[in-house]
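> Structure file data-v1.csv (CSV, C-alpha atoms) is given on the next line.
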chain,number,residue,atom,x,y,z
A,11,MET,CA,-19.3,-5.0,-26.7
A,12,ASP,CA,-22.5,-3.4,-28.1
A,13,ASP,CA,-22.2,-3.8,-31.9
A,14,ALA,CA,-24.7,-1.0,-32.4
A,15,LYS,CA,-22.6,1.5,-30.6
A,16,GLU,CA,-20.1,3.5,-32.7
A,17,PRO,CA,-16.5,3.0,-31.5
A,18,PRO,CA,-14.9,6.2,-30.3
A,19,ALA,CA,-12.4,7.9,-32.5
A,20,ALA,CA,-9.7,7.2,-29.9
A,21,ALA,CA,-10.2,3.5,-30.4
A,22,TRP,CA,-9.4,3.7,-34.1
A,23,LEU,CA,-6.4,5.8,-33.3
A,24,ILE,CA,-5.2,3.3,-30.8
A,25,LEU,CA,-5.7,0.4,-33.3
A,26,SER,CA,-3.8,2.3,-36.0
A,27,VAL,CA,-0.9,2.9,-33.7
A,28,ALA,CA,-0.9,-0.7,-32.5
A,29,VAL,CA,-0.8,-2.1,-36.0
A,30,ILE,CA,2.0,0.2,-37.1
A,31,ALA,CA,3.9,-0.5,-33.8
A,32,VAL,CA,3.7,-4.3,-34.2
A,33,SER,CA,4.6,-4.0,-37.9
A,34,SER,CA,7.8,-2.1,-37.0
A,35,ALA,CA,9.2,-4.9,-34.8
A,36,GLY,CA,10.6,-7.0,-37.7
A,37,ILE,CA,12.9,-4.3,-39.2
A,38,VAL,CA,14.1,-3.2,-35.8
A,39,LEU,CA,15.0,-6.8,-34.8
A,40,GLN,CA,16.6,-7.3,-38.2
A,41,GLN,CA,18.8,-4.3,-37.8
A,42,MET,CA,20.1,-5.7,-34.5
A,43,SER,CA,21.9,-8.5,-36.4
A,44,GLU,CA,25.1,-8.1,-34.4
A,45,VAL,CA,23.2,-9.8,-31.6
A,46,PRO,CA,22.5,-13.5,-32.0
A,47,PRO,CA,18.8,-14.1,-32.8
A,48,ILE,CA,17.7,-16.1,-29.8
A,49,LEU,CA,19.5,-13.7,-27.5
A,50,ARG,CA,17.6,-10.8,-29.2
A,51,ALA,CA,14.3,-12.6,-28.6
A,52,SER,CA,15.2,-13.2,-24.9
A,53,TRP,CA,16.1,-9.4,-24.5
A,54,ARG,CA,12.6,-8.6,-26.0
A,55,MET,CA,10.9,-10.8,-23.4
A,56,GLN,CA,13.0,-9.4,-20.5
A,57,GLY,CA,12.2,-5.9,-21.5
A,58,THR,CA,8.5,-6.5,-21.9
A,59,ALA,CA,8.4,-8.4,-18.6
A,60,LEU,CA,9.8,-5.4,-16.8
A,61,LEU,CA,7.1,-3.1,-18.3
A,62,LEU,CA,4.4,-5.6,-17.2
A,63,LEU,CA,5.7,-5.9,-13.7
A,64,PRO,CA,3.9,-2.8,-12.2
A,65,GLY,CA,0.6,-3.9,-13.7
A,66,PHE,CA,1.1,-7.4,-12.3
A,67,LEU,CA,1.8,-6.1,-8.8
A,68,TYR,CA,-1.2,-3.7,-9.0
A,69,GLN,CA,-3.7,-6.4,-10.2
A,70,LEU,CA,-2.2,-8.9,-7.6
A,71,SER,CA,-3.0,-6.4,-4.8
A,72,ARG,CA,-6.5,-5.8,-6.2
A,73,ASN,CA,-7.3,-9.5,-6.8
A,74,SER,CA,-5.8,-11.1,-3.6
A,75,ASP,CA,-8.6,-13.7,-3.6
A,76,PHE,CA,-7.5,-15.0,-7.0
A,77,GLU,CA,-5.5,-18.3,-6.6
A,78,LEU,CA,-3.6,-20.2,-9.1
A,79,ASN,CA,-4.2,-24.0,-9.1
A,80,ARG,CA,-1.9,-26.7,-10.4
A,81,ASN,CA,-3.6,-26.7,-13.8
A,82,ASP,CA,-3.2,-22.9,-14.1
A,83,THR,CA,0.5,-23.2,-13.4
A,84,GLN,CA,1.0,-25.9,-16.0
A,85,LEU,CA,-0.9,-23.9,-18.6
A,86,ILE,CA,1.2,-20.8,-17.8
A,87,LEU,CA,4.3,-22.8,-18.3
A,88,ALA,CA,3.0,-24.2,-21.6
A,89,SER,CA,1.9,-20.8,-22.8
A,90,SER,CA,5.4,-19.4,-22.0
A,91,LEU,CA,7.1,-22.2,-23.9
A,92,PHE,CA,4.9,-21.6,-27.0
A,93,LEU,CA,5.7,-17.9,-26.7
A,94,ALA,CA,9.4,-18.5,-26.4
A,95,VAL,CA,9.5,-20.8,-29.5
A,96,HIS,CA,7.4,-18.3,-31.4
A,97,PHE,CA,9.7,-15.4,-30.8
A,98,GLY,CA,12.9,-17.4,-31.0
A,99,SER,CA,12.0,-19.0,-34.4
A,100,TRP,CA,10.6,-15.8,-35.8
A,101,VAL,CA,13.6,-13.6,-34.9
A,102,TRP,CA,15.9,-16.4,-36.2
A,103,SER,CA,13.9,-16.3,-39.5
A,104,LEU,CA,14.6,-12.5,-39.8
A,105,ASP,CA,18.3,-13.4,-40.2
A,106,ASN,CA,17.7,-16.2,-42.7
A,107,THR,CA,15.0,-15.0,-45.1
A,108,SER,CA,13.7,-11.7,-46.4
A,109,LEU,CA,11.7,-9.4,-44.1
A,110,VAL,CA,8.6,-9.7,-46.2
A,111,HIS,CA,8.7,-13.5,-46.3
A,112,SER,CA,9.3,-13.6,-42.5
A,113,LEU,CA,6.3,-11.4,-41.8
A,114,LEU,CA,4.1,-13.3,-44.3
A,115,PHE,CA,4.8,-16.8,-43.0
A,116,VAL,CA,4.6,-15.8,-39.3
A,117,ASN,CA,1.1,-14.4,-40.0
A,118,THR,CA,-0.3,-17.6,-41.4
A,119,HIS,CA,-1.6,-18.5,-38.0
A,120,PRO,CA,-5.3,-18.3,-39.0
A,121,LEU,CA,-4.5,-21.1,-41.5
A,122,VAL,CA,-2.8,-23.2,-38.8
A,123,VAL,CA,-5.9,-22.9,-36.6
A,124,VAL,CA,-7.9,-24.8,-39.2
A,125,ALA,CA,-5.5,-27.8,-38.9
A,126,VAL,CA,-6.1,-28.1,-35.2
A,127,MET,CA,-9.8,-27.5,-35.3
A,128,PRO,CA,-10.7,-31.2,-35.6
A,129,PHE,CA,-8.7,-31.9,-32.5
A,130,LEU,CA,-10.6,-29.3,-30.6
A,131,GLY,CA,-14.0,-30.8,-31.7
A,132,GLU,CA,-14.8,-28.0,-34.0
A,133,VAL,CA,-16.2,-28.3,-37.5
A,134,VAL,CA,-14.1,-27.5,-40.5
A,135,ARG,CA,-16.3,-25.7,-43.1
A,136,ARG,CA,-16.0,-24.9,-46.8
A,137,GLY,CA,-14.8,-21.4,-46.0
A,138,HIS,CA,-12.0,-22.8,-43.9
A,139,ILE,CA,-10.9,-25.1,-46.7
A,140,ARG,CA,-11.1,-22.3,-49.3
A,141,GLY,CA,-9.0,-20.1,-47.1
A,142,VAL,CA,-6.4,-22.7,-46.4
A,143,ALA,CA,-6.2,-23.7,-50.1
A,144,LEU,CA,-5.8,-20.0,-51.1
A,145,GLY,CA,-3.2,-19.4,-48.3
A,146,PHE,CA,-1.0,-22.3,-48.9
A,147,GLY,CA,-1.3,-21.9,-52.7
A,148,GLY,CA,0.0,-18.4,-52.2
A,149,ALA,CA,2.8,-19.7,-50.0
A,150,THR,CA,3.9,-22.1,-52.8
A,151,ILE,CA,3.9,-19.3,-55.3
A,152,SER,CA,5.9,-17.0,-53.0
A,153,LEU,CA,8.6,-19.7,-52.7
A,154,MET,CA,9.4,-19.2,-56.3
A,155,ASP,CA,11.5,-16.2,-55.0
A,156,LEU,CA,13.9,-18.7,-53.3
A,157,GLY,CA,17.5,-17.6,-53.8
A,158,ASP,CA,16.5,-14.2,-55.2
A,159,GLY,CA,19.5,-12.0,-54.3
A,160,GLY,CA,20.3,-14.4,-51.4
A,161,GLN,CA,17.5,-13.0,-49.3
A,162,VAL,CA,14.8,-15.6,-49.4
A,163,SER,CA,15.5,-19.1,-48.1
A,164,LEU,CA,13.3,-22.2,-47.4
A,165,VAL,CA,14.8,-22.7,-44.0
A,166,GLY,CA,14.1,-19.1,-43.0
A,167,ASP,CA,10.5,-19.3,-44.3
A,168,PHE,CA,10.0,-22.5,-42.4
A,169,ALA,CA,11.3,-21.0,-39.2
A,170,ALA,CA,8.8,-18.1,-39.6
A,171,PHE,CA,6.0,-20.7,-40.1
A,172,ILE,CA,7.1,-22.5,-36.9
A,173,GLY,CA,6.5,-19.1,-35.3
A,174,ALA,CA,2.9,-19.1,-36.7
A,175,VAL,CA,2.3,-22.7,-35.4
A,176,THR,CA,3.5,-22.0,-31.9
A,177,VAL,CA,1.6,-18.7,-31.6
A,178,VAL,CA,-1.6,-20.7,-32.1
A,179,GLY,CA,-0.7,-22.7,-29.1
A,180,TYR,CA,0.0,-19.5,-27.1
A,181,ILE,CA,-3.4,-18.0,-28.2
A,182,LEU,CA,-5.4,-21.2,-27.3
A,183,VAL,CA,-3.8,-21.5,-23.9
A,184,GLY,CA,-4.3,-17.8,-23.3
A,185,ARG,CA,-8.0,-18.1,-24.2
A,186,GLN,CA,-8.4,-20.9,-21.7
A,187,LEU,CA,-6.8,-18.9,-18.9
A,188,ARG,CA,-8.2,-15.4,-19.7
A,189,SER,CA,-11.8,-16.3,-20.8
A,190,LYS,CA,-12.6,-19.5,-19.0
A,191,ARG,CA,-10.6,-18.9,-15.8
A,192,GLY,CA,-11.1,-15.1,-15.8
A,193,MET,CA,-7.4,-14.4,-15.1
A,194,PRO,CA,-6.6,-10.7,-15.1
A,195,ILE,CA,-4.5,-9.6,-18.1
A,196,PHE,CA,-1.3,-8.7,-16.2
A,197,ILE,CA,-1.5,-11.6,-13.8
A,198,TYR,CA,-1.5,-13.8,-16.9
A,199,ALA,CA,0.9,-11.8,-19.2
A,200,PHE,CA,3.7,-11.1,-16.7
A,201,PRO,CA,4.6,-14.7,-15.6
A,202,VAL,CA,4.1,-16.0,-19.2
A,203,THR,CA,6.5,-13.3,-20.6
A,204,LEU,CA,9.0,-13.7,-17.8
A,205,ALA,CA,9.1,-17.5,-18.2
A,206,ALA,CA,9.4,-17.1,-22.0
A,207,GLY,CA,12.5,-14.9,-21.3
A,208,ILE,CA,13.9,-17.6,-19.1
A,209,TRP,CA,13.3,-20.4,-21.7
A,210,LEU,CA,15.0,-18.2,-24.3
A,211,SER,CA,17.9,-17.4,-22.0
A,212,PHE,CA,18.6,-21.1,-21.5
A,213,ALA,CA,18.4,-21.6,-25.2
A,214,THR,CA,20.8,-18.8,-26.1
A,215,VAL,CA,23.3,-20.1,-23.6
A,216,LEU,CA,23.1,-23.6,-25.0
A,217,LEU,CA,22.9,-22.8,-28.7
A,218,GLU,CA,24.6,-19.4,-29.1
A,219,GLY,CA,27.3,-19.5,-26.3
A,220,THR,CA,25.8,-16.5,-24.5
A,221,SER,CA,27.0,-15.9,-20.9
A,222,PHE,CA,26.4,-13.7,-17.9
A,223,SER,CA,30.0,-12.4,-17.8
A,224,SER,CA,30.7,-11.6,-21.5
A,225,VAL,CA,32.7,-8.4,-22.0
A,226,GLU,CA,30.8,-7.7,-25.2
A,227,PRO,CA,27.1,-6.6,-24.5
A,228,SER,CA,26.0,-8.4,-27.7
A,229,ASP,CA,27.0,-11.7,-26.2
A,230,SER,CA,25.6,-11.1,-22.7
A,231,LEU,CA,22.3,-12.3,-21.3
A,232,PHE,CA,21.6,-8.9,-19.9
A,233,GLY,CA,23.5,-6.9,-22.6
A,234,TRP,CA,20.4,-5.0,-23.5
A,235,SER,CA,21.0,-2.8,-20.4
A,236,ASP,CA,24.1,-1.4,-22.1
A,237,PRO,CA,23.7,2.1,-23.5
A,238,ILE,CA,24.3,0.7,-27.0
A,239,TRP,CA,21.2,-1.6,-26.9
A,240,ILE,CA,18.8,-0.2,-24.2
A,241,VAL,CA,17.2,2.2,-26.6
A,242,TRP,CA,16.5,-0.6,-29.1
A,243,ILE,CA,15.0,-2.9,-26.5
A,244,GLY,CA,13.2,0.0,-24.9
A,245,TYR,CA,11.5,0.7,-28.2
A,246,LEU,CA,10.6,-2.9,-28.8
A,247,SER,CA,9.1,-3.3,-25.3
A,248,LEU,CA,7.2,0.0,-25.4
A,249,GLY,CA,6.3,0.1,-29.0
A,250,PRO,CA,5.4,-3.4,-30.4
A,251,GLY,CA,5.1,-4.8,-26.9
A,252,LEU,CA,3.1,-2.3,-24.8
A,253,CYS,CA,1.5,0.0,-27.5
A,254,GLY,CA,1.1,-2.8,-30.0
A,255,HIS,CA,-0.2,-5.9,-28.2
A,256,THR,CA,-1.6,-4.1,-25.2
A,257,GLY,CA,-3.3,-1.6,-27.5
A,258,VAL,CA,-4.9,-4.5,-29.5
A,259,ASN,CA,-6.3,-5.9,-26.2
A,260,THR,CA,-7.6,-2.5,-25.3
A,261,VAL,CA,-9.6,-1.7,-28.4
A,262,LEU,CA,-11.4,-5.0,-28.3
A,263,ARG,CA,-13.6,-3.3,-25.8
A,264,TRP,CA,-15.1,-1.1,-28.6
A,265,ILE,CA,-14.1,-2.7,-31.9
A,266,SER,CA,-15.2,-6.0,-33.2
A,267,PRO,CA,-12.6,-8.8,-32.9
A,268,ILE,CA,-13.0,-9.6,-36.6
A,269,VAL,CA,-12.0,-6.0,-37.6
A,270,VAL,CA,-9.0,-6.1,-35.2
A,271,SER,CA,-7.9,-9.5,-36.5
A,272,ILE,CA,-8.0,-8.4,-40.2
A,273,ALA,CA,-6.2,-5.1,-39.3
A,274,MET,CA,-3.4,-7.2,-37.7
A,275,LEU,CA,-3.1,-9.3,-40.8
A,276,MET,CA,-1.9,-6.1,-42.6
A,277,GLU,CA,1.4,-6.5,-40.7
A,278,PRO,CA,3.4,-7.8,-43.7
A,279,VAL,CA,2.2,-4.8,-45.8
A,280,PHE,CA,3.1,-2.2,-43.2
A,281,GLY,CA,6.2,-4.0,-42.2
A,282,ALA,CA,7.5,-4.0,-45.8
A,283,ILE,CA,6.7,-0.3,-46.1
A,284,ILE,CA,8.5,0.5,-42.8
A,285,GLY,CA,11.5,-1.6,-43.9
A,286,TRP,CA,11.7,0.1,-47.2
A,287,LEU,CA,11.6,3.6,-45.6
A,288,TRP,CA,14.2,2.5,-43.0
A,289,THR,CA,16.8,0.9,-45.3
A,290,ASP,CA,15.6,1.4,-48.9
A,291,GLU,CA,16.9,-2.2,-49.4
A,292,VAL,CA,13.7,-4.2,-49.2
A,293,VAL,CA,13.4,-6.4,-52.3
A,294,ILE,CA,10.0,-7.9,-53.2
A,295,GLY,CA,9.8,-10.2,-56.2
A,296,LEU,CA,6.7,-10.7,-58.2
A,297,PRO,CA,6.1,-14.2,-56.9
A,298,THR,CA,6.1,-12.8,-53.3
A,299,VAL,CA,3.7,-10.0,-54.3
A,300,ILE,CA,1.2,-12.5,-55.9
A,301,GLY,CA,1.7,-15.2,-53.3
A,302,GLY,CA,1.7,-12.8,-50.4
A,303,LEU,CA,-1.7,-11.3,-51.5
A,304,MET,CA,-3.1,-14.9,-51.8
A,305,MET,CA,-1.8,-15.8,-48.3
A,306,MET,CA,-3.3,-12.7,-46.8
A,307,ALA,CA,-6.6,-13.3,-48.6
A,308,GLY,CA,-6.6,-16.9,-47.4
A,309,ALA,CA,-6.0,-15.8,-43.8
A,310,ILE,CA,-8.8,-13.2,-44.0
A,311,THR,CA,-11.2,-15.8,-45.5
A,312,VAL,CA,-10.6,-18.1,-42.6
A,313,THR,CA,-11.0,-15.3,-40.1
A,314,LEU,CA,-14.3,-14.3,-41.7
A,315,GLN,CA,-15.5,-17.9,-41.7
A,316,GLU,CA,-14.7,-18.1,-38.0
A,317,ARG,CA,-16.7,-14.9,-37.3
A,318,GLY,CA,-19.6,-16.1,-39.4
A,319,GLN,CA,-19.6,-19.5,-37.6
A,320,ASN,CA,-19.5,-17.9,-34.2
A,321,SER,CA,-22.3,-15.5,-35.1
A,322,ASP,CA,-24.5,-18.5,-36.3
A,323,GLU,CA,-23.8,-20.3,-33.0
A,324,SER,CA,-24.8,-17.3,-30.9
A,325,VAL,CA,-28.2,-16.9,-32.6
Starting from the file, give its structure as structure tokens.

Amino acid sequence: MDDAKEPPAAAWLILSVAVIAVSSAGIVLQQMSEVPPILRASWRMQGTALLLLPGFLYQLSRNSDFELNRNDTQLILASSLFLAVHFGSWVWSLDNTSLVHSLLFVNTHPLVVVAVMPFLGEVVRRGHIRGVALGFGGATISLMDLGDGGQVSLVGDFAAFIGAVTVVGYILVGRQLRSKRGMPIFIYAFPVTLAAGIWLSFATVLLEGTSFSSVEPSDSLFGWSDPIWIVWIGYLSLGPGLCGHTGVNTVLRWISPIVVSIAMLMEPVFGAIIGWLWTDEVVIGLPTVIGGLMMMAGAITVTLQERGQNSDESV
């Protein structure tokens, strides 16, 4: 991308829609509480995989010379497992802590990246340490809201944090396959999303008693196809899935990754606003406000340090 070239107005519109779409997923999934959380996550993956299928078939026909080797297959399976645990733990957290806490803790992934940097042979700089200290200091303060109205819980916050940890694995594996192997987006995204849906389907059968033949759609592996739920899953797949995540990948052609990353870190703010407009029941205690701002500032600090470090290395 040419940094000197002004991004088109459409790019900013797409990014705005993407951020709002992604931010809306939490409240939508939370409102589907009649459905067990892991089953909800599997439905989301199934629906998204169906939307990705046409793009996969198209790119497969246009890239017939692209071949998957054994290492590619192993990485796709690893990526799908990370994605499955990410969505499963995050959706579970929505039932066990407040919406705002769930969104805050699942978006601590820039802080988690710092923890794995030494294992990747990368240097941890002062900016990284400042960001992590600020972020986890904010997390500690936000936990002072535990038990406030029965909404916030330590186990729910921890589940959301597991979602942040596993999405880092998903991102790192995706970077390996997309950047270094040059794998087309749909050829990568479809099998990963489909496999994540399969992992989650096994998990919901084992842990939640879901079955193929349940009379109740809310207990069926493919219950999302029922008229009661198909609109919900359709929105999650088209909105946060296609318009959200695919929109983010699209605007990276024109807008700097650092701007996109920071825009996406606004998800807890927009998610809280959307939740309040939807239900008028979103409760945010003062510790969450102060701690949440510190967590977001820490994540932004780490992101800016990464950008500065990469710029120095490219000189």
> Extract, using only C-alpha atoms, all DNA, RNA and protein residues at most 7 Å from region 230-243 of chain A, discarding same-chain residues fewer than 2 positions from it, and format them as a ChimeraX atom specification.
/A:49,53-54,57,211,220-224,226-228,245-247
> Which residues, protein or nucleic acid, reach to within 12 Å of (13.1, -22.4, -47.8) in the file's coordinates when using all atoms listed in the file, and can you give that as a PyMOL selection string?
chain A and resi 103+106-108+111-112+115+149-150+152-158+160-171
> I'd like the neighbourhood of Gly249 (chain A) as JSON, numbers by chain, where a residue qualifies if any of its atoms comes within 9 Å (using all atoms listed in the file), though same-chain residues fewer than 5 positions away should be ignored.
{"A": [28, 31, 32, 34, 35, 244, 254, 255]}
> Closest to Ser266 (chain A) among A:Thr214, A:Arg188, A:Arg80, A:Leu314, using all atoms listed in the file?
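Ranked by minimum distance to Ser266 (chain A), first place goes to A:Leu314.
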> Smallest atom-to-atom distance to Ile197 (chain A): which of A:Leu62, A:Ala307, A:Ala273, A:Met55, using only C-alpha atoms?
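Of all the options, A:Leu62 lies closest to Ile197 (chain A).
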> Between CA of Val124 (chain A) and CA of Leu91 (chain A), what distance in Å does the model show, to one decimal?
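If I compute the distance from CA of Val124 (chain A) to CA of Leu91 (chain A), I get 21.6 Å.
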> Can you work out the spacing between CA of Thr58 (chain A) and CA of Phe200 (chain A) in Å, to one decimal?
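According to the coordinates, CA of Thr58 (chain A) and CA of Phe200 (chain A) are separated by 8.4 Å.
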> Distance CA of Gly184 (chain A)-CA of Ala20 (chain A), one decimal place?
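The value is 26.4 Å.
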> Show which residues sit within 12 Å of region 297-305 of chain A, as a ChimeraX atom specification. Count all atoms listed in the file, and ignore same-chain residues fewer than 3 positions away.
/A:108-121,140-156,158,162,167,275-279,282,293-294,308-312
> For Ala21 (chain A), please output as a list in words all residues within 9 Å (counting all atoms listed in the file; exclusion window: fewer than 6 positions along the same chain).
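The residues satisfying every condition are Thr260, Val261, Leu262, Arg263, Trp264 and Ile265 of chain A.
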> Take the residues that were just selected and, keeping C-alpha atoms, output them as a PDB file, keeping the file's coordinate frame.

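In the end it all went to again07.pdb:
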ATOM      1  CA  THR A 260      -7.600  -2.500 -25.300  1.00  0.00           C
ATOM      2  CA  VAL A 261      -9.600  -1.700 -28.400  1.00  0.00           C
ATOM      3  CA  LEU A 262     -11.400  -5.000 -28.300  1.00  0.00           C
ATOM      4  CA  ARG A 263     -13.600  -3.300 -25.800  1.00  0.00           C
ATOM      5  CA  TRP A 264     -15.100  -1.100 -28.600  1.00  0.00           C
ATOM      6  CA  ILE A 265     -14.100  -2.700 -31.900  1.00  0.00           C
TER       7      ILE A 265
END
